[in-house]
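**Q** What follows is coords_28.cif, made up of mmCIF, C-alpha atoms and all ligand atoms:
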data_query
loop_
_atom_site.label_atom_id
_atom_site.label_comp_id
_atom_site.auth_asym_id
_atom_site.auth_seq_id
_atom_site.Cartn_x
_atom_site.Cartn_y
_atom_site.Cartn_z
CA MET A 1 -176.54 -21.47 138.42
CA SER A 2 -177.65 -23.39 135.35
CA LEU A 3 -181.20 -23.42 136.71
CA ASN A 4 -181.12 -19.62 136.96
CA VAL A 5 -179.89 -19.37 133.40
CA LYS A 6 -182.70 -21.67 132.29
CA MET A 7 -185.24 -19.65 134.24
CA LEU A 8 -183.95 -16.44 132.71
CA ALA A 9 -184.19 -17.97 129.26
CA ALA A 10 -187.75 -19.09 130.00
CA TYR A 11 -188.71 -15.64 131.25
CA GLY A 12 -187.10 -14.14 128.14
CA ALA A 13 -189.16 -16.38 125.88
CA LEU A 14 -192.35 -15.57 127.81
CA PHE A 15 -191.54 -11.84 127.63
CA ALA A 16 -190.92 -12.13 123.93
CA ALA A 17 -194.14 -14.05 123.36
CA ALA A 18 -196.17 -11.67 125.49
CA PHE A 19 -194.98 -8.57 123.67
CA GLY A 20 -194.69 -10.02 120.21
CA ILE A 21 -190.95 -9.51 120.11
CA ALA A 22 -189.13 -11.35 117.39
CA MET A 23 -186.27 -13.53 118.55
CA ALA A 24 -183.51 -13.86 116.01
CA ALA A 25 -183.30 -17.43 114.87
CA SER A 26 -180.45 -18.93 112.93
CA ALA A 27 -182.76 -20.19 110.19
CA GLY A 28 -183.54 -17.56 107.59
CA TRP A 29 -180.57 -15.37 108.44
CA ARG A 30 -178.64 -16.29 105.35
CA ALA A 31 -180.78 -14.67 102.68
CA GLY A 32 -178.10 -12.19 101.58
CA HIS A 33 -175.12 -13.14 99.49
CA ARG A 34 -173.00 -12.88 102.59
CA ALA A 35 -174.02 -14.93 105.58
CA PHE A 36 -175.70 -13.00 108.34
CA ASP A 37 -173.82 -13.18 111.60
CA ASP A 38 -174.53 -15.99 114.08
CA ALA A 39 -173.64 -13.50 116.84
CA ASN A 40 -177.24 -12.31 116.42
CA HIS A 41 -178.73 -15.70 117.18
CA GLY A 42 -181.16 -15.46 120.09
CA ARG A 43 -181.02 -11.66 120.38
CA LEU A 44 -184.30 -9.91 121.12
CA LEU A 45 -185.14 -7.71 118.19
CA ALA A 46 -187.83 -5.13 117.73
CA PRO A 47 -190.90 -6.41 115.85
CA LEU A 48 -190.66 -4.11 112.84
CA GLY A 49 -190.97 -4.32 109.08
CA SER A 50 -194.61 -3.38 108.37
CA GLU A 51 -196.91 -0.38 108.79
CA LYS A 52 -198.79 -2.00 111.65
CA GLN A 53 -195.58 -2.85 113.48
CA CYS A 54 -193.90 0.54 113.09
CA GLU A 55 -197.03 2.36 114.23
CA ARG A 56 -197.03 0.32 117.45
CA TYR A 57 -193.32 0.77 118.10
CA SER A 58 -192.44 2.87 121.17
CA GLY A 59 -189.20 4.08 119.63
CA LEU A 60 -187.14 2.32 122.32
CA PRO A 61 -185.42 -1.00 121.47
CA VAL A 62 -185.91 -4.10 123.60
CA ASN A 63 -183.74 -3.89 126.76
CA TRP A 64 -182.91 -0.27 126.07
CA ARG A 65 -180.38 1.01 128.66
CA ASP A 66 -179.93 -2.50 130.13
CA ASP A 67 -178.22 -4.07 127.13
CA PRO A 68 -175.38 -1.86 125.82
CA LYS A 69 -176.13 -3.18 122.33
CA ALA A 70 -179.91 -2.83 122.52
CA GLY A 71 -181.43 -2.33 119.08
CA MET A 72 -178.24 -3.35 117.29
CA VAL A 73 -177.20 -6.28 115.14
CA HIS A 74 -173.67 -7.47 114.44
CA LEU A 75 -172.24 -7.53 110.93
CA HIS A 76 -169.22 -9.65 110.05
CA GLY A 77 -167.68 -7.01 107.84
CA GLY A 78 -165.75 -8.06 104.77
CA ALA A 79 -165.16 -7.04 101.18
CA PHE A 80 -167.76 -5.31 99.03
CA ILE A 81 -167.91 -2.96 96.03
CA PHE A 82 -167.89 0.60 97.42
CA GLY A 83 -169.79 2.88 95.02
CA SER A 84 -171.68 2.27 91.80
CA THR A 85 -170.87 2.54 88.12
CA ARG A 86 -174.56 3.25 87.44
CA GLY A 87 -175.01 6.19 89.79
CA TYR A 88 -173.95 9.83 89.83
CA GLU A 89 -170.37 10.79 89.12
CA ASP A 90 -169.52 11.25 92.77
CA GLU A 91 -170.32 7.60 93.56
CA ARG A 92 -168.18 5.96 90.89
CA PRO A 93 -165.93 3.34 92.50
CA ALA A 94 -162.24 4.09 92.92
CA GLY A 95 -160.43 1.40 90.89
CA ASP A 96 -162.50 -1.79 91.04
CA GLY A 97 -164.25 -0.48 94.13
CA ARG A 98 -163.34 -3.50 96.23
CA THR A 99 -163.20 -2.28 99.81
CA THR A 100 -163.00 -4.13 103.11
CA VAL A 101 -164.56 -3.10 106.40
CA GLY A 102 -164.11 -4.74 109.79
CA GLY A 103 -166.93 -6.19 111.87
CA PHE A 104 -169.22 -3.91 113.83
CA TRP A 105 -172.54 -3.62 115.61
CA ILE A 106 -175.03 -1.20 114.07
CA ASP A 107 -178.44 0.18 115.04
CA GLN A 108 -181.24 -1.63 113.24
CA THR A 109 -183.08 1.66 112.84
CA ASP A 110 -182.37 5.37 112.75
CA VAL A 111 -182.02 6.79 116.25
CA THR A 112 -185.56 7.73 117.26
CA ASN A 113 -186.93 10.77 119.06
CA ALA A 114 -187.55 8.47 122.04
CA GLN A 115 -183.90 7.40 122.16
CA PHE A 116 -182.58 10.92 121.70
CA ALA A 117 -184.92 12.17 124.43
CA THR A 118 -183.39 9.64 126.83
CA PHE A 119 -179.95 11.04 126.00
CA VAL A 120 -181.03 14.65 126.51
CA ARG A 121 -182.76 13.84 129.80
CA ALA A 122 -179.66 12.03 131.10
CA THR A 123 -177.09 14.62 130.03
CA GLY A 124 -178.84 17.96 129.61
CA TYR A 125 -177.35 18.12 126.12
CA VAL A 126 -178.26 21.19 124.06
CA THR A 127 -178.28 20.64 120.28
CA ASP A 128 -176.75 22.93 117.68
CA ALA A 129 -180.17 23.96 116.34
CA GLU A 130 -181.06 25.19 119.82
CA LYS A 131 -177.77 27.12 120.02
CA GLN A 132 -178.27 28.52 116.51
CA HIS A 133 -181.92 29.35 117.28
CA GLY A 134 -183.13 27.73 114.08
CA ALA A 135 -182.81 25.09 111.40
CA ALA A 136 -183.67 24.33 107.77
CA VAL A 137 -187.17 22.86 107.50
CA PHE A 138 -188.91 21.43 104.44
CA ARG A 139 -192.32 22.85 103.62
CA THR A 140 -194.31 22.12 100.49
CA PRO A 141 -194.21 25.42 98.60
CA THR A 142 -197.02 27.12 96.72
CA ARG A 143 -196.58 28.02 93.06
CA GLU A 144 -196.18 31.68 94.10
CA GLN A 145 -193.41 30.76 96.53
CA MET A 146 -191.71 28.66 93.85
CA ASP A 147 -191.73 31.66 91.53
CA ALA A 148 -190.45 34.01 94.23
CA ARG A 149 -187.17 32.29 95.16
CA ASP A 150 -184.87 29.35 94.61
CA PHE A 151 -185.17 26.36 96.93
CA ALA A 152 -188.58 27.59 98.06
CA TRP A 153 -189.19 24.26 99.76
CA TRP A 154 -186.54 25.06 102.36
CA THR A 155 -187.20 27.63 105.07
CA TRP A 156 -184.94 28.69 107.91
CA VAL A 157 -187.37 28.35 110.80
CA LYS A 158 -186.45 30.26 113.97
CA GLY A 159 -186.93 28.06 117.00
CA ALA A 160 -187.00 24.79 115.02
CA SER A 161 -185.15 21.97 116.75
CA TRP A 162 -185.46 18.21 117.26
CA GLN A 163 -188.17 18.80 119.89
CA HIS A 164 -189.94 21.44 117.80
CA PRO A 165 -189.52 20.17 114.25
CA GLY A 166 -191.96 22.67 112.77
CA GLY A 167 -190.78 25.57 114.94
CA PRO A 168 -192.21 27.01 118.18
CA GLY A 169 -195.60 25.53 118.98
CA SER A 170 -194.82 22.24 117.27
CA GLY A 171 -193.75 19.15 119.19
CA ILE A 172 -192.88 15.48 118.98
CA ASP A 173 -195.77 14.04 120.98
CA GLY A 174 -196.88 10.98 119.08
CA LEU A 175 -193.70 11.03 117.01
CA MET A 176 -191.38 9.19 119.40
CA ASN A 177 -191.01 6.31 116.94
CA GLN A 178 -189.75 8.61 114.17
CA PRO A 179 -186.09 9.33 113.39
CA VAL A 180 -184.70 12.27 115.34
CA THR A 181 -183.89 15.02 112.83
CA LEU A 182 -182.68 18.63 112.95
CA VAL A 183 -179.51 17.34 114.58
CA THR A 184 -175.99 18.10 113.34
CA GLN A 185 -173.05 15.75 112.98
CA ALA A 186 -171.73 16.94 116.36
CA ASP A 187 -175.11 16.24 117.98
CA ALA A 188 -175.12 12.76 116.45
CA LEU A 189 -171.57 12.11 117.64
CA ALA A 190 -172.41 13.30 121.16
CA TYR A 191 -175.29 10.82 121.34
CA ALA A 192 -173.11 8.02 119.94
CA GLN A 193 -170.31 8.73 122.40
CA TRP A 194 -172.75 8.77 125.31
CA LEU A 195 -173.40 5.12 124.47
CA GLY A 196 -169.70 4.38 123.87
CA ARG A 197 -170.32 4.17 120.12
CA ASP A 198 -169.44 6.10 116.98
CA LEU A 199 -170.95 7.18 113.68
CA PRO A 200 -170.22 4.92 110.70
CA THR A 201 -167.66 5.84 108.09
CA GLU A 202 -169.14 6.13 104.61
CA ALA A 203 -167.72 2.69 103.71
CA GLU A 204 -169.17 1.07 106.84
CA TRP A 205 -172.53 2.69 106.19
CA GLU A 206 -172.60 1.56 102.55
CA TYR A 207 -171.52 -1.98 103.43
CA ALA A 208 -174.45 -2.11 105.85
CA GLY A 209 -176.82 -0.42 103.38
CA LYS A 210 -176.12 -2.93 100.64
CA GLY A 211 -177.13 -5.70 103.03
CA GLY A 212 -174.92 -8.36 101.44
CA ALA A 213 -176.39 -7.85 97.97
CA ASP A 214 -174.72 -6.68 94.80
CA GLY A 215 -175.75 -6.06 91.19
CA ALA A 216 -178.03 -3.68 89.32
CA ASP A 217 -181.00 -4.10 91.68
CA LEU A 218 -179.17 -1.96 94.24
CA ASP A 219 -179.57 1.03 91.95
CA ALA A 220 -183.22 0.52 91.04
CA ALA A 221 -186.01 2.47 92.72
CA PRO A 222 -187.01 0.56 95.87
CA ARG A 223 -190.14 -1.30 94.76
CA ASP A 224 -191.26 -4.88 95.22
CA ALA A 225 -192.25 -7.36 92.49
CA HIS A 226 -195.73 -5.80 92.38
CA GLY A 227 -194.33 -2.29 91.95
CA LYS A 228 -195.13 -1.20 95.52
CA PRO A 229 -192.56 1.12 97.11
CA THR A 230 -190.45 -0.63 99.75
CA ALA A 231 -189.03 2.52 101.34
CA ASN A 232 -190.16 6.02 102.25
CA TYR A 233 -189.14 8.30 99.39
CA TRP A 234 -191.09 10.70 97.13
CA GLN A 235 -193.45 9.48 94.44
CA GLY A 236 -194.79 12.26 92.23
CA ALA A 237 -193.37 15.58 91.08
CA PHE A 238 -191.02 17.15 93.63
CA PRO A 239 -191.64 19.45 95.47
CA VAL A 240 -195.30 20.19 94.80
CA LEU A 241 -197.02 16.86 94.16
CA ASN A 242 -196.54 13.91 96.50
CA THR A 243 -198.75 11.01 95.41
CA ASN A 244 -198.05 9.24 98.70
CA GLU A 245 -197.84 5.85 97.04
CA ASP A 246 -195.62 4.61 99.87
CA GLY A 247 -198.07 5.80 102.55
CA HIS A 248 -195.95 8.64 103.98
CA THR A 249 -195.67 12.20 102.71
CA GLY A 250 -193.16 13.21 105.37
CA LEU A 251 -190.98 11.31 107.82
CA SER A 252 -192.36 7.93 108.82
CA PRO A 253 -191.86 5.92 111.99
CA VAL A 254 -188.76 3.72 111.78
CA GLY A 255 -189.20 0.18 110.47
CA CYS A 256 -192.40 0.53 108.41
CA TYR A 257 -190.83 -1.36 105.50
CA ALA A 258 -189.07 -4.71 105.30
CA SER A 259 -185.45 -4.83 106.44
CA ASN A 260 -182.52 -5.39 104.11
CA GLY A 261 -180.48 -8.62 104.15
CA PHE A 262 -178.69 -7.55 107.34
CA LYS A 263 -181.96 -6.90 109.26
CA LEU A 264 -181.51 -3.13 108.98
CA TYR A 265 -184.51 -0.85 108.46
CA ASP A 266 -184.77 2.38 106.45
CA MET A 267 -181.21 2.30 105.16
CA ILE A 268 -182.89 3.75 102.07
CA GLY A 269 -185.23 6.73 102.36
CA ASN A 270 -187.01 8.29 105.35
CA ALA A 271 -184.10 10.38 106.73
CA TRP A 272 -180.60 10.87 105.35
CA GLU A 273 -177.99 9.64 107.83
CA TRP A 274 -174.83 11.34 109.02
CA THR A 275 -171.49 9.61 108.58
CA ARG A 276 -168.23 10.73 110.13
CA ASP A 277 -166.46 11.22 106.78
CA VAL A 278 -165.55 14.46 105.06
CA TYR A 279 -167.08 14.72 101.57
CA THR A 280 -164.42 14.28 98.89
CA GLY A 281 -164.45 13.46 95.21
CA PRO A 282 -166.31 15.20 92.39
CA HIS A 283 -168.92 17.41 94.00
CA GLN A 284 -172.47 17.21 92.71
CA SER A 285 -175.14 19.85 93.04
CA HIS A 286 -177.50 19.40 95.94
CA THR A 287 -180.40 17.53 94.43
CA ASN A 288 -182.89 18.47 97.11
CA GLY A 289 -181.56 22.02 97.16
CA ASP A 290 -178.77 23.23 99.40
CA THR A 291 -180.13 23.84 102.89
CA ALA A 292 -177.27 26.31 103.40
CA ALA A 293 -179.04 28.58 100.90
CA VAL A 294 -181.66 29.43 103.51
CA ALA A 295 -179.32 29.71 106.51
CA PRO A 296 -178.75 33.20 107.95
CA ALA A 297 -176.19 35.16 105.93
CA THR A 298 -174.10 35.66 109.06
CA ARG A 299 -173.62 31.94 109.46
CA LYS A 300 -170.08 30.64 108.91
CA HIS A 301 -169.83 27.71 106.49
CA ASP A 302 -168.64 24.46 107.99
CA THR A 303 -166.87 21.38 106.58
CA LEU A 304 -168.86 19.32 104.08
CA VAL A 305 -169.42 15.79 105.33
CA VAL A 306 -171.13 12.79 103.75
CA ILE A 307 -174.74 11.87 104.41
CA LYS A 308 -176.13 8.58 103.06
CA GLY A 309 -179.32 6.77 102.12
CA GLY A 310 -181.61 9.45 100.72
CA SER A 311 -184.75 10.74 102.39
CA PHE A 312 -188.51 11.13 102.07
CA LEU A 313 -187.71 13.97 99.67
CA CYS A 314 -185.86 11.91 97.05
CA SER A 315 -187.93 11.54 93.90
CA ARG A 316 -187.35 10.06 90.50
CA ASP A 317 -187.36 13.50 88.91
CA TYR A 318 -185.25 15.36 91.41
CA CYS A 319 -182.99 13.29 93.69
CA VAL A 320 -182.48 9.76 92.49
CA ARG A 321 -180.60 8.98 95.67
CA TYR A 322 -182.76 6.28 97.21
CA ARG A 323 -179.82 3.88 96.84
CA ALA A 324 -177.06 2.63 99.16
CA SER A 325 -174.22 3.95 97.02
CA SER A 326 -175.68 7.46 96.72
CA ARG A 327 -174.18 10.27 98.74
CA GLU A 328 -174.80 13.92 99.46
CA GLN A 329 -172.76 16.62 101.09
CA GLN A 330 -173.99 18.55 104.10
CA GLU A 331 -172.29 21.16 106.22
CA ALA A 332 -171.44 19.40 109.47
CA ASP A 333 -173.16 21.96 111.71
CA LEU A 334 -176.26 22.58 109.59
CA PRO A 335 -179.39 20.97 111.05
CA ALA A 336 -182.18 20.04 108.62
CA SER A 337 -185.51 18.26 108.77
CA HIS A 338 -184.52 15.42 106.43
CA ILE A 339 -181.32 14.27 108.21
CA GLY A 340 -180.96 11.82 111.09
CA PHE A 341 -178.40 9.13 111.95
CA ARG A 342 -177.66 5.71 113.37
CA THR A 343 -174.70 4.53 115.46
CA ILE A 344 -172.18 1.72 115.28
CA LEU A 345 -169.84 -0.07 117.67
CA ARG A 346 -166.71 -1.47 116.04
CA ASP A 347 -165.20 -4.79 117.03
CA ARG A 348 -161.98 -4.36 118.97
CA GLY A 349 -158.66 -5.12 117.35
CA CA A 401 -192.91 9.02 100.97
#
Can I see the file as structure tokens?
Ligand SMILES: [Ca+2]
**A**
Amino acid sequence: MSLNVKMLAAYGALFAAAFGIAMAASAGWRAGHRAFDDANHGRLLAPLGSEKQCERYSGLPVNWRDDPKAGMVHLHGGAFIFGSTRGYEDERPAGDGRTTVGGFWIDQTDVTNAQFATFVRATGYVTDAEKQHGAAVFRTPTREQMDARDFAWWTWVKGASWQHPGGPGSGIDGLMNQPVTLVTQADALAYAQWLGRDLPTEAEWEYAGKGGADGADLDAAPRDAHGKPTANYWQGAFPVLNTNEDGHTGLSPVGCYASNGFKLYDMIGNAWEWTRDVYTGPHQSHTNGDTAAVAPATRKHDTLVVIKGGSFLCSRDYCVRYRASSREQQEADLPASHIGFRTILRDRG
């Protein structure tokens, strides 16, 4: 028995070496203010965190479908300051902000097109965008279009869906390592439940997004010591000039930038992420423009729920929401091209 275990361990190490997979080691896991969880010691993790690595990523975590927690890391949970005194009004902490969350497993990356495709193949699931025959899609507008209507960067595209993100004729070939988008909260929940998981609450998401850190740096634009962007957001003048300083004008593959202190990628930028919480508190205007403005007039408005993390559309001059405490409201059944999700699995008891 012990020999088999040893052999398995040896094969695992060989597999990891052969495919360049990073094995979580205990050393170096304690960079954040809160200790990273030893439950992650020895887990096979995707080799992500740079442009070269994300480009090579298949979009499927190591041991996908064999390990029920494939692609996830465990967080202890604990107390943190929920919200920010430096952000928008709707993110001001209640009281002193001190909030406690329990332990949970969480996806290291946004759910990718490859992962969502596995779900659809296994279940035959039909997304809300497919049922609604369309979705809100971002397109860089011309000056004439900007003059012609509000929110000219949003278009309701008939036939747009997760598999056809630009509408009929478009596809996701070559994009399997990107976040799945154009999915609603119900679509995200259906995927999560298929894996026996859930969507995070806003507090769980923000605890994970802050990565064990606190202080003013959490509210600064994500840039390194040399000024280089460390997340996929918008540099330039939204929505007409994208200087592409971060290397991506639209969605990027998951994991192109370094992880946060909890080994989580793209908690900031790339795609907004669904939570399971209804949006409450002082409502702010939609800083990237309300996608509901372009939805068909016959469409019934749904409950506003919280999305977190900002997206590739958040710029300094228009949506300063590339921060863990930032929040935005989105109608639960409104699919859009800048919103994806990740899943969690709470500890029992
Ligand atoms: Ca960008």
**Q** Between A:Thr291, A:Asn40, A:Thr298, A:Gln235, which one has atoms that come closest to Cys319 (chain A), using all atoms listed in the file?
**A**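 The shortest atom-to-atom distance to Cys319 (chain A) comes from A:Gln235.
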**Q** Please measure the separation of CA of Thr155 (chain A) and CA of Asp110 (chain A), giving the value in Å to one decimal.
**A** 24.0 Å
**Q** Could you tell me which of A:His41, A:Gly236, A:Ser285, A:Leu241 comes closest to Arg316 (chain A) if we count all atoms listed in the file?
**A** A:Gly236
**Q** Name the residues, by chain letter and number, that sit within 7 Å of ligand CA 401 (chain A) using only C-alpha atoms and all ligand atoms, and give them as a ChimeraX atom specification.
**A** /A:232-235,244,246-250,312
**Q** Counting all atoms listed in the file, I want the residues whose atoms come within 12 Å of (-181.5, -0.1, 105.5) in the file frame, returned as a ChimeraX atom specification.
**A** /A:49,106-110,205-213,218,222,230-232,254-273,308-311,322-325,341-342
**Q** Please report, as JSON lines, each residue of region 241-330 of chain A lying at most 9 Å from region 81-104 of chain A, together with the nearest pair of atoms and the separation in Å rounded to one decimal; use all atoms listed in the file, and order rows by chain and ascending residue number.
**A**
{"residue": "A:Thr280", "atom": "CA", "partner": "A:Asp90", "partner_atom": "CA", "distance": 8.5}
{"residue": "A:Gly281", "atom": "CA", "partner": "A:Asp90", "partner_atom": "CA", "distance": 6.0}
{"residue": "A:Pro282", "atom": "CA", "partner": "A:Asp90", "partner_atom": "CA", "distance": 5.1}
{"residue": "A:His283", "atom": "CA", "partner": "A:Asp90", "partner_atom": "CA", "distance": 6.3}
{"residue": "A:Gln284", "atom": "CA", "partner": "A:Asp90", "partner_atom": "CA", "distance": 6.7}
{"residue": "A:Val320", "atom": "CA", "partner": "A:Gly87", "partner_atom": "CA", "distance": 8.7}
{"residue": "A:Arg321", "atom": "CA", "partner": "A:Gly87", "partner_atom": "CA", "distance": 8.6}
{"residue": "A:Arg323", "atom": "CA", "partner": "A:Gly87", "partner_atom": "CA", "distance": 8.8}
{"residue": "A:Ala324", "atom": "CA", "partner": "A:Gly83", "partner_atom": "CA", "distance": 8.4}
{"residue": "A:Ser325", "atom": "CA", "partner": "A:Gly83", "partner_atom": "CA", "distance": 5.0}
{"residue": "A:Ser326", "atom": "CA", "partner": "A:Glu91", "partner_atom": "CA", "distance": 6.2}
{"residue": "A:Arg327", "atom": "CA", "partner": "A:Glu91", "partner_atom": "CA", "distance": 7.0}
{"residue": "A:Glu328", "atom": "CA", "partner": "A:Asp90", "partner_atom": "CA", "distance": 8.9}
**Q** Taking all atoms listed in the file into account, which of A:Arg223, A:Ala152, A:Ala188, A:Gly159 comes nearest Val120 (chain A)?
**A** A:Ala188
**Q** Please measure the separation of CA of Ala237 (chain A) and CA of Phe151 (chain A), giving the value in Å to one decimal.
**A** 14.8 Å
**Q** Counting all atoms listed in the file, which of A:Ala39, A:Thr275, A:Gln329, A:Lys52 gets nearest to Leu199 (chain A)?
**A**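 Of the candidates, the smallest distance to Leu199 (chain A) is held by A:Thr275.
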**Q** Of the residues A:Val306, A:Leu345, A:Ala293, A:Ala203, which is the one nearest to Phe80 (chain A), using all atoms listed in the file?
**A** A:Ala203
**Q** Just give me the gap between CA of Leu75 (chain A) and CA of Gly196 (chain A) in Å, one decimal is fine.
**A**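 Spanning CA of Leu75 (chain A) to CA of Gly196 (chain A) is a straight-line distance of 17.8 Å.
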**Q** Just give me the residues with any atom within 8 Å of (-186.1, 20.3, 93.0), file coordinates, counting all atoms listed in the file, written as a CSV table (one decimal) with C-alpha atoms, in the frame of the given file.
**A**
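Output saved as out_0.csv:
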chain,number,residue,atom,x,y,z
A,151,PHE,CA,-185.2,26.4,96.9
A,238,PHE,CA,-191.0,17.2,93.6
A,239,PRO,CA,-191.6,19.4,95.5
A,287,THR,CA,-180.4,17.5,94.4
A,288,ASN,CA,-182.9,18.5,97.1
A,289,GLY,CA,-181.6,22.0,97.2
A,318,TYR,CA,-185.2,15.4,91.4
A,319,CYS,CA,-183.0,13.3,93.7
**Q** Considering all atoms listed in the file, state which residue in the set A:Asp217, A:Glu331, A:Glu144, A:Asp277 is at the smallest distance from Ala295 (chain A).
**A**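 Closest residue, counting all atoms listed in the file: A:Glu331.
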**Q** Need to verify the contact set: Val126 (chain A), 12 Å, only C-alpha atoms, exclusion of same-chain residues closer than 4 positions in sequence. Can you return it as number ranges by chain?
**A** A: 116-117, 119-122, 130-133, 161-163, 183-184, 186-188, 190-191
**Q** With a distance cut-off of 9 Å and all atoms listed in the file, select the neighbouring residues of Ala114 (chain A), excluding the residue or stretch itself and same-chain residues fewer than 2 positions from it, and output the selection as number ranges by chain.
**A** A: 58-60, 111-112, 116-119, 175-180
**Q** Working from the structure I just supplied, which lacks atoms in region 287-299 of chain A, can you model N, CA and C atoms there and output them as a short mmCIF file (atom, residue, chain, number, x, y, z; two decimals), in the coordinates of the input?
**A**
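Done, and the output landed in out04.cif:
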data_model
loop_
_atom_site.label_atom_id
_atom_site.label_comp_id
_atom_site.auth_asym_id
_atom_site.auth_seq_id
_atom_site.Cartn_x
_atom_site.Cartn_y
_atom_site.Cartn_z
N THR A 287 -179.23 17.85 95.23
CA THR A 287 -180.40 17.53 94.43
C THR A 287 -181.70 17.84 95.14
N ASN A 288 -181.68 17.98 96.45
CA ASN A 288 -182.89 18.47 97.11
C ASN A 288 -182.76 19.96 97.43
N GLY A 289 -181.76 20.61 96.87
CA GLY A 289 -181.56 22.02 97.16
C GLY A 289 -180.70 22.19 98.38
N ASP A 290 -179.72 23.06 98.31
CA ASP A 290 -178.77 23.23 99.40
C ASP A 290 -179.44 23.92 100.58
N THR A 291 -179.51 23.24 101.71
CA THR A 291 -180.13 23.84 102.89
C THR A 291 -179.36 25.07 103.36
N ALA A 292 -178.06 25.14 103.01
CA ALA A 292 -177.27 26.31 103.40
C ALA A 292 -177.79 27.58 102.74
N ALA A 293 -178.52 27.41 101.62
CA ALA A 293 -179.04 28.58 100.90
C ALA A 293 -180.03 29.37 101.74
N VAL A 294 -180.67 28.72 102.70
CA VAL A 294 -181.66 29.43 103.51
C VAL A 294 -181.13 29.79 104.90
N ALA A 295 -179.90 29.40 105.20
CA ALA A 295 -179.32 29.71 106.51
C ALA A 295 -179.04 31.21 106.60
N PRO A 296 -179.02 31.76 107.81
CA PRO A 296 -178.75 33.20 107.95
C PRO A 296 -177.42 33.56 107.29
N ALA A 297 -177.38 34.74 106.67
CA ALA A 297 -176.19 35.16 105.93
C ALA A 297 -174.97 35.28 106.84
N THR A 298 -175.20 35.50 108.11
CA THR A 298 -174.10 35.66 109.06
C THR A 298 -173.46 34.34 109.44
N ARG A 299 -174.10 33.25 109.04
CA ARG A 299 -173.62 31.94 109.46
C ARG A 299 -172.33 31.58 108.73
#
